[in-house]
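Novice: Sending over protein-v2.tsv (TSV, C-alpha atoms and all ligand atoms).
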chain	number	residue	atom	x	y	z
A	1	MET	CA	6.28	64.11	128.99
A	2	SER	CA	7.29	64.89	132.51
A	3	ILE	CA	5.15	64.35	135.53
A	4	ILE	CA	4.40	67.50	137.50
A	5	VAL	CA	2.10	66.45	140.35
A	6	ASN	CA	3.48	64.14	143.05
A	7	PRO	CA	0.45	63.28	145.20
A	8	LYS	CA	2.40	61.09	147.62
A	9	GLN	CA	3.62	63.84	149.89
A	10	VAL	CA	2.16	66.22	152.44
A	11	TYR	CA	0.42	68.17	149.70
A	12	SER	CA	0.38	71.82	150.73
A	13	TYR	CA	-1.29	74.98	149.45
A	14	THR	CA	2.11	76.23	148.25
A	15	LYS	CA	2.78	72.98	146.41
A	16	MET	CA	-0.65	73.13	144.77
A	17	MET	CA	-0.10	76.71	143.60
A	18	GLU	CA	3.31	75.78	142.12
A	19	ASP	CA	1.84	72.76	140.37
A	20	ILE	CA	-1.08	74.75	138.95
A	21	LEU	CA	1.39	77.23	137.49
A	22	LEU	CA	3.49	74.44	135.95
A	23	LEU	CA	0.41	72.67	134.58
A	24	THR	CA	-1.01	75.82	132.97
A	25	GLU	CA	2.40	76.43	131.35
A	26	ALA	CA	2.69	72.85	130.10
A	27	TYR	CA	-0.92	72.61	128.92
A	28	PRO	CA	-2.07	75.90	127.38
A	29	PHE	CA	-5.61	74.55	126.96
A	30	LEU	CA	-6.07	74.82	130.75
A	31	HIS	CA	-7.81	77.89	132.12
A	32	LYS	CA	-7.21	79.15	135.67
A	33	GLU	CA	-9.36	81.47	137.77
A	34	VAL	CA	-9.21	82.76	141.31
A	35	ILE	CA	-12.78	82.32	142.56
A	36	GLY	CA	-12.24	83.89	145.98
A	37	HIS	CA	-9.96	84.24	148.97
A	38	SER	CA	-9.80	82.53	152.34
A	39	VAL	CA	-10.01	84.39	155.67
A	40	GLU	CA	-6.19	84.69	155.56
A	41	LYS	CA	-6.29	85.86	151.92
A	42	ARG	CA	-5.01	82.65	150.36
A	43	LYS	CA	-6.36	82.13	146.87
A	44	ILE	CA	-9.19	79.70	146.18
A	45	VAL	CA	-8.33	78.55	142.70
A	46	ALA	CA	-10.36	76.84	139.99
A	47	VAL	CA	-8.76	75.20	136.94
A	48	LYS	CA	-10.79	74.20	133.90
A	49	ILE	CA	-10.07	71.59	131.28
A	50	GLY	CA	-12.39	71.58	128.28
A	51	THR	CA	-14.40	74.17	126.43
A	52	GLY	CA	-17.84	72.58	126.31
A	53	LYS	CA	-21.16	74.19	127.13
A	54	LYS	CA	-22.00	71.58	129.73
A	55	SER	CA	-19.98	71.89	132.90
A	56	ILE	CA	-18.98	69.81	135.89
A	57	MET	CA	-17.17	70.83	139.07
A	58	LEU	CA	-14.97	68.67	141.28
A	59	ASN	CA	-13.87	70.13	144.61
A	60	GLY	CA	-11.73	68.98	147.52
A	61	ALA	CA	-10.56	69.89	151.02
A	62	HIS	CA	-13.64	71.65	152.36
A	63	HIS	CA	-12.36	69.99	155.54
A	64	ALA	CA	-8.81	70.83	156.54
A	65	ARG	CA	-7.55	67.40	157.54
A	66	GLU	CA	-8.90	65.90	154.29
A	67	TRP	CA	-6.09	67.42	152.19
A	68	LEU	CA	-5.35	64.14	150.40
A	69	THR	CA	-8.43	64.97	148.30
A	70	THR	CA	-6.46	67.97	146.94
A	71	ALA	CA	-3.59	65.71	145.90
A	72	LEU	CA	-6.08	63.33	144.25
A	73	LEU	CA	-7.75	66.12	142.27
A	74	MET	CA	-4.43	67.60	141.13
A	75	ASP	CA	-3.26	64.15	140.02
A	76	MET	CA	-6.56	63.66	138.17
A	77	LEU	CA	-6.21	67.03	136.45
A	78	GLU	CA	-2.74	66.17	135.18
A	79	TYR	CA	-3.86	62.70	134.08
A	80	TYR	CA	-6.68	64.21	132.00
A	81	CYS	CA	-4.21	66.72	130.47
A	82	HIS	CA	-2.03	63.83	129.27
A	83	ARG	CA	-5.03	62.06	127.85
A	84	HIS	CA	-6.25	65.26	126.20
A	85	GLU	CA	-2.95	65.35	124.31
A	86	ASN	CA	-2.99	61.68	123.36
A	87	GLU	CA	-6.56	60.49	122.91
A	88	GLN	CA	-9.05	61.77	120.36
A	89	GLU	CA	-11.97	60.44	122.44
A	90	ILE	CA	-10.91	62.55	125.40
A	91	ARG	CA	-10.52	65.66	123.23
A	92	ASP	CA	-14.04	65.04	121.90
A	93	ILE	CA	-15.41	64.81	125.44
A	94	PHE	CA	-13.68	68.03	126.44
A	95	SER	CA	-15.02	69.84	123.39
A	96	LYS	CA	-18.48	69.24	124.83
A	97	ILE	CA	-17.74	69.42	128.58
A	98	SER	CA	-15.96	71.96	130.75
A	99	LEU	CA	-14.53	70.15	133.77
A	100	TRP	CA	-13.65	72.52	136.62
A	101	PHE	CA	-11.34	71.54	139.48
A	102	VAL	CA	-11.39	73.43	142.79
A	103	PRO	CA	-8.76	71.32	144.55
A	104	MET	CA	-8.58	73.18	147.88
A	105	VAL	CA	-11.64	74.98	149.26
A	106	ASN	CA	-10.06	75.52	152.72
A	107	PRO	CA	-6.40	76.53	152.20
A	108	ASP	CA	-5.97	78.15	155.66
A	109	GLY	CA	-7.27	75.04	157.42
A	110	VAL	CA	-5.07	72.73	155.36
A	111	THR	CA	-2.03	74.89	156.20
A	112	LEU	CA	-2.91	74.73	159.92
A	113	VAL	CA	-3.17	70.93	159.83
A	114	GLN	CA	0.12	70.54	157.96
A	115	GLU	CA	2.24	73.23	159.64
A	116	GLY	CA	0.67	73.69	163.08
A	117	ALA	CA	-0.30	76.99	164.66
A	118	ASP	CA	3.18	78.52	165.04
A	119	SER	CA	2.97	80.41	161.75
A	120	PHE	CA	-0.42	81.90	162.68
A	121	PRO	CA	-0.54	85.09	164.79
A	122	GLN	CA	-3.74	83.89	166.46
A	123	LYS	CA	-2.07	80.76	167.87
A	124	GLU	CA	-3.63	81.21	171.34
A	125	SER	CA	-7.21	81.34	170.11
A	126	LEU	CA	-6.59	78.45	167.69
A	127	MET	CA	-5.38	76.31	170.61
A	128	GLU	CA	-8.44	77.30	172.61
A	129	MET	CA	-10.71	76.20	169.74
A	130	ASN	CA	-8.64	73.00	169.61
A	131	GLN	CA	-9.40	72.04	173.24
A	132	GLY	CA	-6.03	73.36	174.36
A	133	SER	CA	-4.06	71.02	172.13
A	134	SER	CA	-1.19	72.08	169.88
A	135	ASP	CA	-1.78	69.02	167.68
A	136	PHE	CA	-3.91	70.25	164.77
A	137	ASN	CA	-3.90	67.00	162.79
A	138	GLY	CA	-7.63	66.48	163.42
A	139	TRP	CA	-8.76	70.03	162.51
A	140	LYS	CA	-11.66	70.17	160.01
A	141	ALA	CA	-12.85	73.77	160.15
A	142	ASN	CA	-11.58	76.93	158.50
A	143	ILE	CA	-9.20	79.20	160.41
A	144	ARG	CA	-12.11	80.87	162.26
A	145	GLY	CA	-13.34	77.52	163.57
A	146	VAL	CA	-16.34	77.20	161.26
A	147	ASP	CA	-17.13	73.93	159.49
A	148	LEU	CA	-17.35	74.98	155.84
A	149	ASN	CA	-19.55	72.06	154.87
A	150	ARG	CA	-22.24	73.13	157.36
A	151	GLN	CA	-22.53	76.58	155.86
A	152	TYR	CA	-24.71	76.13	152.80
A	153	PRO	CA	-28.31	77.35	152.82
A	154	MET	CA	-30.25	74.10	152.84
A	155	ASP	CA	-32.15	73.33	156.06
A	156	TRP	CA	-29.39	75.21	157.85
A	157	ASP	CA	-31.58	75.99	160.90
A	158	SER	CA	-32.15	72.32	161.57
A	159	ILE	CA	-28.46	71.33	161.59
A	160	ASP	CA	-27.48	69.96	164.96
A	161	ASP	CA	-25.99	72.93	166.86
A	162	ARG	CA	-24.60	71.28	169.96
A	163	ILE	CA	-21.30	72.98	169.08
A	164	GLN	CA	-22.24	76.60	169.86
A	165	LYS	CA	-18.93	78.32	169.28
A	166	PRO	CA	-15.93	78.17	166.93
A	167	ALA	CA	-14.21	74.80	167.19
A	168	SER	CA	-11.94	72.40	165.33
A	169	ALA	CA	-15.01	70.71	163.81
A	170	MET	CA	-18.80	70.84	163.54
A	171	PHE	CA	-19.54	74.51	164.35
A	172	LYS	CA	-21.98	75.63	161.65
A	173	GLY	CA	-21.40	79.38	162.11
A	174	SER	CA	-23.83	82.08	163.21
A	175	HIS	CA	-25.56	82.17	159.80
A	176	PRO	CA	-25.21	80.36	156.47
A	177	LEU	CA	-22.35	81.53	154.24
A	178	THR	CA	-20.61	83.71	156.83
A	179	GLU	CA	-17.26	82.29	155.72
A	180	PRO	CA	-15.51	83.53	152.56
A	181	GLU	CA	-14.51	80.01	151.48
A	182	SER	CA	-18.08	78.62	151.41
A	183	MET	CA	-19.37	81.86	149.92
A	184	SER	CA	-16.79	81.68	147.11
A	185	LEU	CA	-17.82	78.16	146.16
A	186	TYR	CA	-21.51	79.04	146.46
A	187	LEU	CA	-21.18	82.04	144.12
A	188	PHE	CA	-19.02	80.02	141.71
A	189	ALA	CA	-21.75	77.35	141.56
A	190	LEU	CA	-24.49	79.95	141.01
A	191	GLU	CA	-22.47	81.54	138.20
A	192	HIS	CA	-21.77	78.32	136.31
A	193	LYS	CA	-24.95	76.31	136.92
A	194	PHE	CA	-22.96	73.07	136.80
A	195	ASP	CA	-24.63	69.99	135.32
A	196	ALA	CA	-23.05	67.86	138.06
A	197	VAL	CA	-20.70	68.23	141.01
A	198	ALA	CA	-18.49	65.89	143.02
A	199	CYS	CA	-17.29	67.00	146.47
A	200	TYR	CA	-14.32	65.02	147.72
A	201	HIS	CA	-14.02	64.25	151.42
A	202	SER	CA	-12.43	61.57	153.62
A	203	SER	CA	-12.85	58.95	154.93
A	204	GLY	CA	-15.08	55.84	154.79
A	205	GLU	CA	-15.37	54.73	151.11
A	206	GLU	CA	-18.92	56.06	150.90
A	207	ILE	CA	-20.94	58.26	148.57
A	208	PHE	CA	-23.68	60.65	149.72
A	209	TRP	CA	-25.95	61.74	146.88
A	210	GLN	CA	-29.57	61.68	147.95
A	211	TYR	CA	-30.40	64.03	150.82
A	212	LYS	CA	-34.18	64.54	150.29
A	213	LEU	CA	-34.18	63.96	146.56
A	214	THR	CA	-37.37	62.71	144.86
A	215	GLY	CA	-38.86	62.40	141.37
A	216	ASP	CA	-36.98	62.59	138.07
A	217	LEU	CA	-33.82	64.02	139.59
A	218	TYR	CA	-33.66	61.14	142.06
A	219	HIS	CA	-33.73	58.68	139.15
A	220	SER	CA	-31.18	60.50	136.99
A	221	ALA	CA	-28.82	60.97	139.97
A	222	LYS	CA	-29.27	57.32	140.92
A	223	LYS	CA	-28.22	56.22	137.44
A	224	ILE	CA	-25.00	58.21	137.72
A	225	VAL	CA	-24.19	57.30	141.32
A	226	GLU	CA	-24.55	53.61	140.53
A	227	GLN	CA	-21.80	54.06	137.92
A	228	LEU	CA	-19.64	55.82	140.52
A	229	ALA	CA	-20.27	53.03	143.01
A	230	GLU	CA	-19.24	50.43	140.46
A	231	LEU	CA	-16.11	52.37	139.56
A	232	THR	CA	-14.96	53.04	143.12
A	233	GLY	CA	-16.45	50.09	145.01
A	234	TYR	CA	-17.76	52.66	147.54
A	235	GLN	CA	-21.00	52.18	149.40
A	236	LEU	CA	-24.04	54.36	148.66
A	237	ILE	CA	-25.40	55.99	151.80
A	238	ASP	CA	-29.09	55.96	152.59
A	239	PRO	CA	-29.75	59.31	154.31
A	240	GLY	CA	-32.61	58.01	156.47
A	241	PRO	CA	-35.73	60.02	157.32
A	242	ASN	CA	-34.06	63.09	158.91
A	243	PRO	CA	-30.76	63.90	157.22
A	244	SER	CA	-28.82	66.93	158.48
A	245	GLY	CA	-28.41	69.66	155.83
A	246	GLY	CA	-25.92	72.45	155.25
A	247	GLY	CA	-23.53	70.50	153.05
A	248	PHE	CA	-22.67	71.66	149.54
A	249	THR	CA	-24.23	68.52	148.05
A	250	ASP	CA	-27.44	68.99	150.05
A	251	TRP	CA	-27.84	72.57	148.86
A	252	PHE	CA	-26.83	71.88	145.28
A	253	ILE	CA	-29.16	68.97	144.61
A	254	MET	CA	-32.18	70.52	146.34
A	255	VAL	CA	-31.83	74.13	145.10
A	256	GLN	CA	-29.83	73.88	141.87
A	257	LYS	CA	-31.71	70.68	141.08
A	258	ARG	CA	-28.74	68.93	139.53
A	259	PRO	CA	-26.85	65.90	140.82
A	260	SER	CA	-24.02	66.28	143.31
A	261	PHE	CA	-22.04	63.56	145.01
A	262	THR	CA	-20.07	63.66	148.25
A	263	ILE	CA	-17.37	61.05	147.83
A	264	GLU	CA	-15.55	59.89	150.96
A	265	ILE	CA	-12.22	58.39	149.89
A	266	ALA	CA	-10.18	55.80	151.82
A	267	PRO	CA	-11.07	53.17	154.37
A	268	TYR	CA	-12.33	54.79	157.58
A	269	VAL	CA	-9.34	56.24	159.44
A	270	GLY	CA	-11.00	58.32	162.16
A	271	PRO	CA	-10.42	62.05	162.77
A	272	VAL	CA	-7.00	62.35	161.10
A	273	PRO	CA	-5.60	62.88	157.59
A	274	VAL	CA	-5.69	59.76	155.40
A	275	PRO	CA	-2.24	58.10	155.49
A	276	LEU	CA	-0.36	58.33	152.17
A	277	GLU	CA	-0.05	54.54	152.03
A	278	TYR	CA	-3.68	54.42	150.90
A	279	TYR	CA	-3.04	56.67	147.93
A	280	ASP	CA	-2.49	54.03	145.21
A	281	LYS	CA	-5.76	52.32	146.08
A	282	ILE	CA	-7.61	55.65	146.15
A	283	TRP	CA	-6.13	56.61	142.78
A	284	GLN	CA	-7.21	53.39	141.10
A	285	GLU	CA	-10.73	53.82	142.46
A	286	ASN	CA	-11.12	57.48	141.53
A	287	LYS	CA	-9.00	58.35	138.51
A	288	GLU	CA	-11.91	57.89	136.07
A	289	VAL	CA	-14.53	59.74	138.14
A	290	GLY	CA	-14.25	63.00	136.19
A	291	ILE	CA	-14.49	61.24	132.82
A	292	THR	CA	-17.36	59.06	134.03
A	293	LEU	CA	-19.32	62.14	135.15
A	294	ALA	CA	-18.54	63.84	131.84
A	295	LYS	CA	-19.83	60.89	129.83
A	296	ALA	CA	-22.95	60.64	132.00
A	297	CYS	CA	-23.69	64.36	131.43
A	298	LEU	CA	-23.30	63.94	127.68
A	299	GLN	CA	-25.80	61.09	127.70
A	300	GLY	CA	-28.29	62.86	129.97
B	401	ZN	ZN	-15.22	66.16	154.98
Output the file's structure as structure tokens, nothing else.

Specialist:
Amino acid sequence: MSIIVNPKQVYSYTKMMEDILLLTEAYPFLHKEVIGHSVEKRKIVAVKIGTGKKSIMLNGAHHAREWLTTALLMDMLEYYCHRHENEQEIRDIFSKISLWFVPMVNPDGVTLVQEGADSFPQKESLMEMNQGSSDFNGWKANIRGVDLNRQYPMDWDSIDDRIQKPASAMFKGSHPLTEPESMSLYLFALEHKFDAVACYHSSGEEIFWQYKLTGDLYHSAKKIVEQLAELTGYQLIDPGPNPSGGGFTDWFIMVQKRPSFTIEIAPYVGPVPVPLEYYDKIWQENKEVGITLAKACLQG
């Protein structure tokens, strides 16, 4: 058994695409789909392990600088492939659950953070959106300067709109779902009606799960998120009386009426990519998250 994914590197879109190809060759039970394309026509890829009726989706790198979440999800996918080959219990779980990975929602943004603006023809306008700086390490948005996790149709009008034009972070766009990356994930979620979702972000070691949730769904989501908190050691966030909407989790729990969790990996590092030195800790905290969600869905 050889290891394909090396998460301890600047994990690029190209690397991810190579690794997905190698994984689907090594593990024929995997299923790959292109669920959409970015502004710059990069593929937004989903990979499924399992054949069950119930389904879960894990996604990463909505935000460009948070690309370590892609490495984490690719590592997790490979880890579950190994266990699928070696453990009957895991095969049983994946006969009842389909676990979908969308490791990189924002491939253009990730490429900008990792490679800078030189390879983009619109370098001038990117620098303008980036307050004149050629250092794109802190960029969160997609390549058009829209924050993809402020694009989903849940209380979109009430999202703070102090940022009125395309920028490196926080601009919510002119309408919900104007950006192909958010729209692709939105349509993918509508198509599959996932039983649960986890959206990986960084940083802060926190989990958002509640938004304005009440009633039975609040209690069933709480049961699951308490397991995730125990597993990761991350803090559960109380949204307070006036949470800001527009995030995938906000939309999914309120409209799809199923649990979704926004998991912020790594100790708080500020507006930069999470340093690779944190990876081993992050891996130990998160490697069982997909299996834990799968087991919770089978019980629920
Ligand atoms: Zn984020």

Novice: Residues at most 12 Å from Asp280 in chain A, counting all atoms listed in the file, excluding those fewer than 3 positions away in the same chain, as a CSV table (one decimal) with C-alpha atoms, keeping the file's coordinate frame?

Specialist:
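Once written, out_21.csv looks like this:
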chain,number,residue,atom,x,y,z
A,6,ASN,CA,3.5,64.1,143.0
A,7,PRO,CA,0.4,63.3,145.2
A,8,LYS,CA,2.4,61.1,147.6
A,68,LEU,CA,-5.4,64.1,150.4
A,71,ALA,CA,-3.6,65.7,145.9
A,72,LEU,CA,-6.1,63.3,144.2
A,75,ASP,CA,-3.3,64.2,140.0
A,265,ILE,CA,-12.2,58.4,149.9
A,266,ALA,CA,-10.2,55.8,151.8
A,275,PRO,CA,-2.2,58.1,155.5
A,276,LEU,CA,-0.4,58.3,152.2
A,277,GLU,CA,0.0,54.5,152.0
A,283,TRP,CA,-6.1,56.6,142.8
A,284,GLN,CA,-7.2,53.4,141.1
A,285,GLU,CA,-10.7,53.8,142.5
A,286,ASN,CA,-11.1,57.5,141.5
A,287,LYS,CA,-9.0,58.4,138.5

Novice: Suppose you want the space between CA of Glu40 in chain A and CA of Ser203 in chain A; what is it in Å?

Specialist: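 Atom-to-atom, CA of Glu40 in chain A to CA of Ser203 in chain A, that is 26.6 Å.
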
Novice: Write as a list in words the residues around ligand ZN 401 (chain B), taking 9 Å as the cut-off and counting all atoms listed in the file.

Specialist: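 Taking all atoms listed in the file into account, the residues around ligand ZN 401 (chain B) at most 9 Å away are Gly60, Ala61, His62, His63, Ala64, Arg65, Glu66, Lys140, Asn149, Cys199, Tyr200, His201, Ser202, Ser203, Thr262 and Glu264 of chain A.
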
Novice: Find the spatial neighbours of Gly138 in chain A, counting only C-alpha atoms, within a cut-off of 9 Å - ignore same-chain residues fewer than 6 positions away - and output them as a ChimeraX atom specification.

Specialist: /A:64-65,113,168-169,270-273

Novice: In Å, rounded to a single decimal, give me how far CA of Lys172 in chain A is from CA of Ser184 in chain A.

Specialist: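 The value is 16.6 Å.
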
Novice: At a cut-off of 8 Å around the point (-9.7, 81.5, 142.4) (file coordinates), what residues fall inside when counting all atoms listed in the file? I'd like the answer as a list in words.

Specialist: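 Every polymer residue passing the test: Lys32, Glu33, Val34, Ile35, Gly36, His37, Lys43, Ile44, Val45 and Ala46 of chain A.
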
Novice: Would you mind telling me which residue in A:Tyr13, A:Trp156, A:Tyr186, A:Tyr80 lies nearest to Pro103 in chain A when using only C-alpha atoms?

Specialist: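 Using only C-alpha atoms, Pro103 in chain A sits closest to A:Tyr13.
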
Novice: Check the smallest atom-to-atom distance from each of A:Asp108, A:Glu78, A:Asp147, A:Glu124 to Thr14 in chain A using only C-alpha atoms, then report the winner.

Specialist: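 Once distances to Thr14 in chain A are computed over only C-alpha atoms, the minimum belongs to A:Asp108.
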
Novice: For Thr24 in chain A, list every protein, DNA or RNA residue within 12 Å, evaluated using only C-alpha atoms, and leave out those in the same chain fewer than 6 positions away; present the list as an NGL selection string.

Specialist: :A and (4 or 17-18 or 30-33 or 46-49 or 77-78 or 81)

Novice: Under the rule that all atoms listed in the file are counted, which of A:Leu236, A:Ile224, A:Leu293, A:Ala196 is the nearest residue to Met57 in chain A?

Specialist: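 Answer, going by the shortest atom-to-atom distance: A:Ala196.
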
Novice: Would you pick out the contacts of Phe194 in chain A at 12 Å or less, using all atoms listed in the file, so that residues sharing its chain but fewer than 4 positions from it are not included, and give the list as a ChimeraX atom specification?

Specialist: /A:52-58,97-100,185-190,198,252-253,256-260,293-294,297

Novice: I'd like the interatomic distance between CA of Asp157 in chain A and CA of Ser244 in chain A, to a tenth of an Å.

Specialist: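 We find that CA of Asp157 in chain A and CA of Ser244 in chain A lie 9.8 Å from each other.
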
Novice: Write out as a PDB file with C-alpha atoms, in the coordinates of the input the residues lying within 12 Å of Asp155 in chain A, counting all atoms listed in the file and excluding same-chain residues fewer than 3 positions away.

Specialist:
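result-v7.pdb written:
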ATOM      1  CA  ARG A 150     -22.240  73.130 157.360  1.00  0.00           C
ATOM      2  CA  GLN A 151     -22.530  76.580 155.860  1.00  0.00           C
ATOM      3  CA  TYR A 152     -24.710  76.130 152.800  1.00  0.00           C
ATOM      4  CA  SER A 158     -32.150  72.320 161.570  1.00  0.00           C
ATOM      5  CA  ILE A 159     -28.460  71.330 161.590  1.00  0.00           C
ATOM      6  CA  ASP A 160     -27.480  69.960 164.960  1.00  0.00           C
ATOM      7  CA  LYS A 172     -21.980  75.630 161.650  1.00  0.00           C
ATOM      8  CA  HIS A 175     -25.560  82.170 159.800  1.00  0.00           C
ATOM      9  CA  PRO A 176     -25.210  80.360 156.470  1.00  0.00           C
ATOM     10  CA  TYR A 211     -30.400  64.030 150.820  1.00  0.00           C
ATOM     11  CA  LYS A 212     -34.180  64.540 150.290  1.00  0.00           C
ATOM     12  CA  ASN A 242     -34.060  63.090 158.910  1.00  0.00           C
ATOM     13  CA  PRO A 243     -30.760  63.900 157.220  1.00  0.00           C
ATOM     14  CA  SER A 244     -28.820  66.930 158.480  1.00  0.00           C
ATOM     15  CA  GLY A 245     -28.410  69.660 155.830  1.00  0.00           C
ATOM     16  CA  GLY A 246     -25.920  72.450 155.250  1.00  0.00           C
ATOM     17  CA  GLY A 247     -23.530  70.500 153.050  1.00  0.00           C
ATOM     18  CA  PHE A 248     -22.670  71.660 149.540  1.00  0.00           C
ATOM     19  CA  ASP A 250     -27.440  68.990 150.050  1.00  0.00           C
ATOM     20  CA  TRP A 251     -27.840  72.570 148.860  1.00  0.00           C
ATOM     21  CA  MET A 254     -32.180  70.520 146.340  1.00  0.00           C
ATOM     22  CA  VAL A 255     -31.830  74.130 145.100  1.00  0.00           C
TER      23      VAL A 255
END

Novice: Nearest residue to Ala221 in chain A out of A:Gly300, A:Gly109, A:Gly50, A:Pro121, using all atoms listed in the file?

Specialist: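 When distances to Ala221 in chain A are compared using all atoms listed in the file, the smallest one comes from A:Gly300.
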
Novice: When distances are computed from all atoms listed in the file, which of A:Leu73, A:Ile20, A:Met127, A:Leu213 shows the smallest separation from Ile282 in chain A?

Specialist: A:Leu73

Novice: Quick one: of A:Trp67, A:Ala167, A:Val146, A:Asn106, who's nearest to Met129 in chain A, counting only C-alpha atoms?

Specialist: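 Among the listed residues, the smallest separation from Met129 in chain A belongs to A:Ala167.
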
Novice: Some atoms are absent from range 273-280 of chain A, so rebuild all heavy atoms and return them as a compact mmCIF listing (two decimals), in the coordinates of the input.

Specialist:
# COMPACT_ATOMS: atom_id res chain seq x y z
N PRO A 273 -5.81 62.97 159.04
CA PRO A 273 -5.60 62.88 157.59
C PRO A 273 -5.42 61.42 157.16
O PRO A 273 -4.93 60.59 157.92
CB PRO A 273 -4.29 63.66 157.37
CG PRO A 273 -4.18 64.57 158.56
CD PRO A 273 -4.79 63.80 159.70
N VAL A 274 -5.84 61.12 155.93
CA VAL A 274 -5.69 59.76 155.40
C VAL A 274 -4.19 59.50 155.16
O VAL A 274 -3.52 60.29 154.51
CB VAL A 274 -6.45 59.61 154.07
CG1 VAL A 274 -6.16 58.27 153.42
CG2 VAL A 274 -7.96 59.79 154.29
N PRO A 275 -3.66 58.40 155.71
CA PRO A 275 -2.24 58.10 155.49
C PRO A 275 -1.93 57.92 154.00
O PRO A 275 -2.74 57.37 153.26
CB PRO A 275 -2.03 56.78 156.25
CG PRO A 275 -3.15 56.72 157.24
CD PRO A 275 -4.30 57.42 156.61
N LEU A 276 -0.74 58.38 153.58
CA LEU A 276 -0.36 58.33 152.17
C LEU A 276 -0.31 56.90 151.62
O LEU A 276 -0.43 56.68 150.42
CB LEU A 276 1.00 59.00 151.97
CG LEU A 276 1.03 60.52 152.19
CD1 LEU A 276 2.46 61.05 152.09
CD2 LEU A 276 0.13 61.22 151.18
N GLU A 277 -0.14 55.93 152.52
CA GLU A 277 -0.05 54.54 152.03
C GLU A 277 -1.33 54.09 151.34
O GLU A 277 -1.32 53.13 150.58
CB GLU A 277 0.30 53.61 153.19
CG GLU A 277 -0.83 53.48 154.20
CD GLU A 277 -0.36 53.05 155.60
OE1 GLU A 277 0.54 53.72 156.14
OE2 GLU A 277 -0.91 52.08 156.11
N TYR A 278 -2.44 54.79 151.58
CA TYR A 278 -3.68 54.42 150.90
C TYR A 278 -3.79 55.02 149.50
O TYR A 278 -4.76 54.75 148.78
CB TYR A 278 -4.90 54.90 151.71
CG TYR A 278 -5.16 54.10 152.97
CD1 TYR A 278 -5.12 54.70 154.21
CD2 TYR A 278 -5.47 52.74 152.89
CE1 TYR A 278 -5.37 53.97 155.37
CE2 TYR A 278 -5.72 52.01 154.03
CZ TYR A 278 -5.67 52.63 155.27
OH TYR A 278 -5.92 51.90 156.40
N TYR A 279 -2.82 55.88 149.14
CA TYR A 279 -3.04 56.67 147.93
C TYR A 279 -3.22 55.84 146.65
O TYR A 279 -4.11 56.11 145.86
CB TYR A 279 -1.92 57.71 147.71
CG TYR A 279 -2.32 58.60 146.56
CD1 TYR A 279 -3.27 59.60 146.73
CD2 TYR A 279 -1.85 58.36 145.26
CE1 TYR A 279 -3.73 60.36 145.67
CE2 TYR A 279 -2.31 59.11 144.19
CZ TYR A 279 -3.24 60.11 144.41
OH TYR A 279 -3.71 60.84 143.36
N ASP A 280 -2.40 54.81 146.47
CA ASP A 280 -2.49 54.03 145.21
C ASP A 280 -3.87 53.42 145.04
O ASP A 280 -4.43 53.42 143.94
CB ASP A 280 -1.42 52.93 145.18
CG ASP A 280 -0.03 53.50 145.01
OD1 ASP A 280 0.09 54.64 144.49
OD2 ASP A 280 0.94 52.83 145.40
